[in-house]
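Asks: The structure is given below, and queries will be raised subsequently.
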Amino acid sequence: MAEKKINVMDSVREASKAVISGVDEKNIKHWVEIYIMGKAYKVPADLTIMQAIEYAGYRLIRSCGCRAGFCGACSTVFRRKGEYKLQTAMACQTRVEDGMFLVQIPFSPAEKPLYNLKKEKFESSAILKYFPEVARCVSCNTCTKTCPQDLQVMDYVQAALRGDFKAVAEGSFECIQCGLCAIRCPAEIVQYHMAQFARRMYGRYGTPREKNVEKRVREIKSGKFDKEFDRIMSLNIDELKVVYTEQQNTREVY
């Protein structure tokens with residue numbers, strides 16, 4: 001039996017209805033009480049943390065990114081009622097719970113060293129050269145427990161200590177750069193920047209060149225896409241919105 005096709009944009013609009021267009025309270029079946037910076041708010045129970053914050057009247061102009069769980073911009077720390085432990089999540093993916101306490105947090109550690117891959121040797125010392133704090137890892141596994149992608153972060157940090165670029169690249173492949181691992185790390189390791197460096201090194205020196213990638217690079221250099229790129233760059237904001245909406249509406253999931 002064929003499965004019903006679901007339009008991605010329609011799903012997003014329906015989930016955000018209470019935030020975007022407002023709803024009559026009588027149509028809301030379930031409510032929860034959350035706390036934002038210590039103040040209580042009653043919000044519909046089916047909203048995500050991000051939607052609930054907006055429903056409460058806050059305007060998000062930072063840390064809201066893609067709103068689809070891919071960009072890692074909305075990393076969030078919260079506490080549940082009756083628990084002392086802090087929890088971590090992505091605000092656009094996690095639904096609110098009754099008695100949830102939310103608070104503003106500083107931006108995730110974002111400083112990273114400057115490097116030129118062309119001048120680096122493909123050897124284990126390259127990682128410690130730019131990320132010496134990796135050697136301070138105490139294998140507490142806090143980074144793994146914090147990761148919203150369920151990555152085995154501690155494992156790829158240990159692989160970095162061994163100079164195993166392949167293991168780091170494969171273990172961190174689905175990292176969304178949210179920074180929650182670095183926030184909780186007692187050794188002050190910035191795992192996501194270290195892993196990005198390892199992936200770049202492995203991509204440059206450790207893997208065979210992909211034929212399709214080489215073909216696309218040649219096409220870009222030849223100017224094949226210049227005309228379309230210039231057209232997009234010439235559009236005003238309203239025209240770009242139309243193009244974006246049309247593009248999203250053509251995507252279907254099954």
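Each chain in the structure tokens gets a letter, A, B, ..., in the order shown, and its residues are numbered from 1; ligands are numbered from 1 in order too.
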Using only C-alpha atoms, which residues sit within 10 Å of Tyr156 (chain A) once same-chain residues fewer than 6 positions away are excluded, as a PDB file with C-alpha atoms, in the first residue's frame?
Replies:
ATOM      1  CA  THR A 144      28.630  11.835  24.436  1.00  0.00           C
ATOM      2  CA  ARG A 162      45.722   8.170  18.504  1.00  0.00           C
ATOM      3  CA  ASP A 164      43.250   8.165  13.655  1.00  0.00           C
ATOM      4  CA  PHE A 165      41.839  10.738  11.226  1.00  0.00           C
ATOM      5  CA  LYS A 166      39.513   8.210   9.593  1.00  0.00           C
ATOM      6  CA  ALA A 167      37.852   7.249  12.897  1.00  0.00           C
ATOM      7  CA  VAL A 168      37.395  10.908  13.872  1.00  0.00           C
ATOM      8  CA  ALA A 169      35.926  11.757  10.463  1.00  0.00           C
ATOM      9  CA  GLU A 170      33.511   8.838  10.471  1.00  0.00           C
ATOM     10  CA  GLY A 171      32.548   9.260  14.123  1.00  0.00           C
ATOM     11  CA  SER A 172      31.801  12.973  13.770  1.00  0.00           C
ATOM     12  CA  GLN A 191      35.331  18.790  20.188  1.00  0.00           C
ATOM     13  CA  MET A 194      38.725  19.545  16.385  1.00  0.00           C
ATOM     14  CA  ALA A 195      36.567  17.040  14.528  1.00  0.00           C
TER      15      ALA A 195
END
Asks: Find the residues around Met154 (chain A) up to 10 Å (only C-alpha atoms counted), leave out those fewer than 5 positions away in its own chain, and share them as number ranges by chain.
Replies: A: 137-145, 159-160, 171, 181, 191
Asks: Once you have the residues from the selection above, write them out as a PDB file, in the first residue's frame, restricted to N, CA, C and O atoms.
Replies:
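What landed in result.pdb:
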ATOM      1  N   CYS A 137      41.700  15.078  27.913  1.00  0.00           N
ATOM      2  CA  CYS A 137      40.475  14.285  28.007  1.00  0.00           C
ATOM      3  C   CYS A 137      40.593  13.247  29.121  1.00  0.00           C
ATOM      4  O   CYS A 137      41.566  12.501  29.190  1.00  0.00           O
ATOM      5  N   VAL A 138      39.604  13.223  30.005  1.00  0.00           N
ATOM      6  CA  VAL A 138      39.614  12.275  31.135  1.00  0.00           C
ATOM      7  C   VAL A 138      38.612  11.141  30.919  1.00  0.00           C
ATOM      8  O   VAL A 138      38.310  10.381  31.837  1.00  0.00           O
ATOM      9  N   SER A 139      38.075  11.046  29.716  1.00  0.00           N
ATOM     10  CA  SER A 139      37.137   9.967  29.353  1.00  0.00           C
ATOM     11  C   SER A 139      35.914   9.927  30.265  1.00  0.00           C
ATOM     12  O   SER A 139      35.436   8.854  30.654  1.00  0.00           O
ATOM     13  N   CYS A 140      35.400  11.088  30.622  1.00  0.00           N
ATOM     14  CA  CYS A 140      34.217  11.142  31.495  1.00  0.00           C
ATOM     15  C   CYS A 140      32.925  10.854  30.732  1.00  0.00           C
ATOM     16  O   CYS A 140      31.891  10.571  31.326  1.00  0.00           O
ATOM     17  N   ASN A 141      32.985  10.975  29.408  1.00  0.00           N
ATOM     18  CA  ASN A 141      31.854  10.691  28.518  1.00  0.00           C
ATOM     19  C   ASN A 141      30.726  11.713  28.613  1.00  0.00           C
ATOM     20  O   ASN A 141      29.626  11.494  28.104  1.00  0.00           O
ATOM     21  N   THR A 142      30.979  12.851  29.255  1.00  0.00           N
ATOM     22  CA  THR A 142      29.960  13.900  29.338  1.00  0.00           C
ATOM     23  C   THR A 142      29.586  14.413  27.949  1.00  0.00           C
ATOM     24  O   THR A 142      28.421  14.710  27.682  1.00  0.00           O
ATOM     25  N   CYS A 143      30.568  14.513  27.060  1.00  0.00           N
ATOM     26  CA  CYS A 143      30.313  15.003  25.700  1.00  0.00           C
ATOM     27  C   CYS A 143      29.339  14.098  24.957  1.00  0.00           C
ATOM     28  O   CYS A 143      28.428  14.573  24.272  1.00  0.00           O
ATOM     29  N   THR A 144      29.515  12.793  25.104  1.00  0.00           N
ATOM     30  CA  THR A 144      28.630  11.835  24.436  1.00  0.00           C
ATOM     31  C   THR A 144      27.213  11.941  24.976  1.00  0.00           C
ATOM     32  O   THR A 144      26.236  11.938  24.215  1.00  0.00           O
ATOM     33  N   LYS A 145      27.078  12.051  26.289  1.00  0.00           N
ATOM     34  CA  LYS A 145      25.754  12.147  26.911  1.00  0.00           C
ATOM     35  C   LYS A 145      25.047  13.436  26.517  1.00  0.00           C
ATOM     36  O   LYS A 145      23.818  13.507  26.515  1.00  0.00           O
ATOM     37  N   ALA A 159      40.086   8.746  19.494  1.00  0.00           N
ATOM     38  CA  ALA A 159      40.676   8.436  18.187  1.00  0.00           C
ATOM     39  C   ALA A 159      41.611   9.558  17.755  1.00  0.00           C
ATOM     40  O   ALA A 159      42.657   9.319  17.132  1.00  0.00           O
ATOM     41  N   ALA A 160      41.233  10.802  18.083  1.00  0.00           N
ATOM     42  CA  ALA A 160      42.093  11.948  17.764  1.00  0.00           C
ATOM     43  C   ALA A 160      43.419  11.848  18.499  1.00  0.00           C
ATOM     44  O   ALA A 160      44.474  12.186  17.952  1.00  0.00           O
ATOM     45  N   GLY A 171      33.297   9.128  12.878  1.00  0.00           N
ATOM     46  CA  GLY A 171      32.548   9.260  14.123  1.00  0.00           C
ATOM     47  C   GLY A 171      31.845  10.596  14.274  1.00  0.00           C
ATOM     48  O   GLY A 171      30.833  10.698  14.970  1.00  0.00           O
ATOM     49  N   CYS A 181      28.676  19.834  23.369  1.00  0.00           N
ATOM     50  CA  CYS A 181      29.746  19.000  23.934  1.00  0.00           C
ATOM     51  C   CYS A 181      30.807  19.871  24.596  1.00  0.00           C
ATOM     52  O   CYS A 181      31.294  19.571  25.700  1.00  0.00           O
ATOM     53  N   GLN A 191      35.353  20.025  20.981  1.00  0.00           N
ATOM     54  CA  GLN A 191      35.331  18.790  20.188  1.00  0.00           C
ATOM     55  C   GLN A 191      34.906  19.011  18.749  1.00  0.00           C
ATOM     56  O   GLN A 191      35.466  18.412  17.826  1.00  0.00           O
TER      57      GLN A 191
END
Asks: Apply DSSP to the backbone of this structure and, from region 55-215 of chain A, keep only the residues in strand (DSSP E); write these as JSON, numbers by chain.
Replies: {"A": [75, 76, 77, 78, 79, 87, 88, 89, 90, 101, 102]}
Asks: Would you compute the distance between CA of Lys42 (chain A) and CA of Thr76 (chain A)? Give it in Å to one decimal.
Replies: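 Computing it gives 19.5 Å between the two atoms.
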Asks: Please compute the CA of Gln196 (chain A)-CA of Ala182 (chain A) distance, one decimal, in Å.
Replies: 13.6 Å
Asks: Using only C-alpha atoms, which residues of region 77-141 of chain A come within 7 Å of region 29-41 of chain A, and what is the closest atom pair for each, with the distance in Å to one decimal? Give it as a Markdown table, sorted by chain and residue number.
Replies:
| residue | atom | partner | partner_atom | distance |
| --- | --- | --- | --- | --- |
| A:Glu97 | CA | A:Val32 | CA | 6.5 |
| A:Asp98 | CA | A:Val32 | CA | 4.6 |
| A:Gly99 | CA | A:Ile34 | CA | 5.1 |
| A:Met100 | CA | A:Ile34 | CA | 4.9 |
| A:Phe101 | CA | A:Tyr35 | CA | 4.7 |
| A:Leu102 | CA | A:Ile36 | CA | 4.9 |
| A:Val103 | CA | A:Met37 | CA | 4.9 |
Asks: Limited to N, CA and C atoms, could you put the picked residues into a file as a PDB file, in the first residue's frame?
Replies:
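Okay, out-v8.pdb is ready:
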ATOM      1  N   GLU A  97       7.868  20.510  28.100  1.00  0.00           N
ATOM      2  CA  GLU A  97       7.284  19.647  29.121  1.00  0.00           C
ATOM      3  C   GLU A  97       6.786  20.518  30.263  1.00  0.00           C
ATOM      4  N   ASP A  98       5.780  20.039  30.949  1.00  0.00           N
ATOM      5  CA  ASP A  98       5.243  20.801  32.061  1.00  0.00           C
ATOM      6  C   ASP A  98       6.306  20.977  33.146  1.00  0.00           C
ATOM      7  N   GLY A  99       6.498  22.215  33.587  1.00  0.00           N
ATOM      8  CA  GLY A  99       7.480  22.488  34.623  1.00  0.00           C
ATOM      9  C   GLY A  99       8.902  22.637  34.117  1.00  0.00           C
ATOM     10  N   MET A 100       9.065  22.755  32.803  1.00  0.00           N
ATOM     11  CA  MET A 100      10.408  22.904  32.229  1.00  0.00           C
ATOM     12  C   MET A 100      10.953  24.309  32.491  1.00  0.00           C
ATOM     13  N   PHE A 101      12.207  24.391  32.918  1.00  0.00           N
ATOM     14  CA  PHE A 101      12.866  25.671  33.173  1.00  0.00           C
ATOM     15  C   PHE A 101      13.867  25.956  32.054  1.00  0.00           C
ATOM     16  N   LEU A 102      13.670  27.079  31.365  1.00  0.00           N
ATOM     17  CA  LEU A 102      14.549  27.477  30.264  1.00  0.00           C
ATOM     18  C   LEU A 102      15.269  28.763  30.644  1.00  0.00           C
ATOM     19  N   VAL A 103      16.497  28.887  30.186  1.00  0.00           N
ATOM     20  CA  VAL A 103      17.268  30.076  30.531  1.00  0.00           C
ATOM     21  C   VAL A 103      18.222  30.407  29.398  1.00  0.00           C
TER      22      VAL A 103
END
Asks: Record the distance separating CA of Ser124 (chain A) and CA of Gly206 (chain A), expressed in Å with one decimal.
Replies: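 Going from CA of Ser124 (chain A) over to CA of Gly206 (chain A) covers 12.4 Å.
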Asks: Measuring between only C-alpha atoms, which one of A:Ile176, A:Ile220, A:Cys147, A:Val157 shows the shortest distance to Ala89 (chain A)?
Replies: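 Under the stated criterion, the closest residue is A:Cys147.
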Asks: Go through A:Arg218, A:Tyr205, A:Leu47, A:Cys74 and flag the residue nearest Gly179 (chain A), using only C-alpha atoms for the distances.
Replies: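 Residue with the minimum atom-to-atom distance to Gly179 (chain A): A:Cys74.
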Asks: I'd like the neighbourhood of Cys178 (chain A) as a list in words, where a residue qualifies if any of its atoms comes within 8 Å (using only C-alpha atoms), though same-chain residues fewer than 5 positions away should be ignored.
Replies: Cys71, Gly72, Ala73, Cys74, Ser75 and Ser108 of chain A
Asks: Residues as selected, all heavy atoms, written as an mmCIF file, in the first residue's frame, can you do that?
Replies:
data_model
loop_
_atom_site.group_PDB
_atom_site.id
_atom_site.type_symbol
_atom_site.label_atom_id
_atom_site.label_comp_id
_atom_site.auth_asym_id
_atom_site.auth_seq_id
_atom_site.Cartn_x
_atom_site.Cartn_y
_atom_site.Cartn_z
ATOM 1 N N CYS A 71 21.185 22.778 11.520
ATOM 2 C CA CYS A 71 22.261 23.786 11.584
ATOM 3 C C CYS A 71 22.961 23.851 12.934
ATOM 4 O O CYS A 71 24.077 24.335 13.037
ATOM 5 C CB CYS A 71 21.712 25.168 11.221
ATOM 6 S SG CYS A 71 20.721 25.941 12.523
ATOM 7 N N GLY A 72 22.325 23.377 14.011
ATOM 8 C CA GLY A 72 22.963 23.383 15.314
ATOM 9 C C GLY A 72 22.960 24.715 16.027
ATOM 10 O O GLY A 72 23.641 24.880 17.040
ATOM 11 N N ALA A 73 22.195 25.699 15.527
ATOM 12 C CA ALA A 73 22.235 27.041 16.112
ATOM 13 C C ALA A 73 21.471 27.153 17.425
ATOM 14 O O ALA A 73 21.782 27.999 18.252
ATOM 15 C CB ALA A 73 21.676 28.064 15.116
ATOM 16 N N CYS A 74 20.456 26.304 17.621
ATOM 17 C CA CYS A 74 19.550 26.501 18.760
ATOM 18 C C CYS A 74 19.857 25.578 19.939
ATOM 19 O O CYS A 74 18.941 25.092 20.607
ATOM 20 C CB CYS A 74 18.099 26.348 18.322
ATOM 21 S SG CYS A 74 17.675 24.703 17.709
ATOM 22 N N SER A 75 21.123 25.330 20.199
ATOM 23 C CA SER A 75 21.484 24.494 21.348
ATOM 24 C C SER A 75 20.915 25.101 22.622
ATOM 25 O O SER A 75 20.986 26.305 22.836
ATOM 26 C CB SER A 75 22.999 24.359 21.442
ATOM 27 O OG SER A 75 23.632 25.613 21.440
ATOM 28 N N SER A 108 28.017 29.092 22.484
ATOM 29 C CA SER A 108 28.960 27.979 22.619
ATOM 30 C C SER A 108 30.378 28.421 22.257
ATOM 31 O O SER A 108 30.563 29.299 21.410
ATOM 32 C CB SER A 108 28.550 26.825 21.699
ATOM 33 O OG SER A 108 27.241 26.396 21.995
#
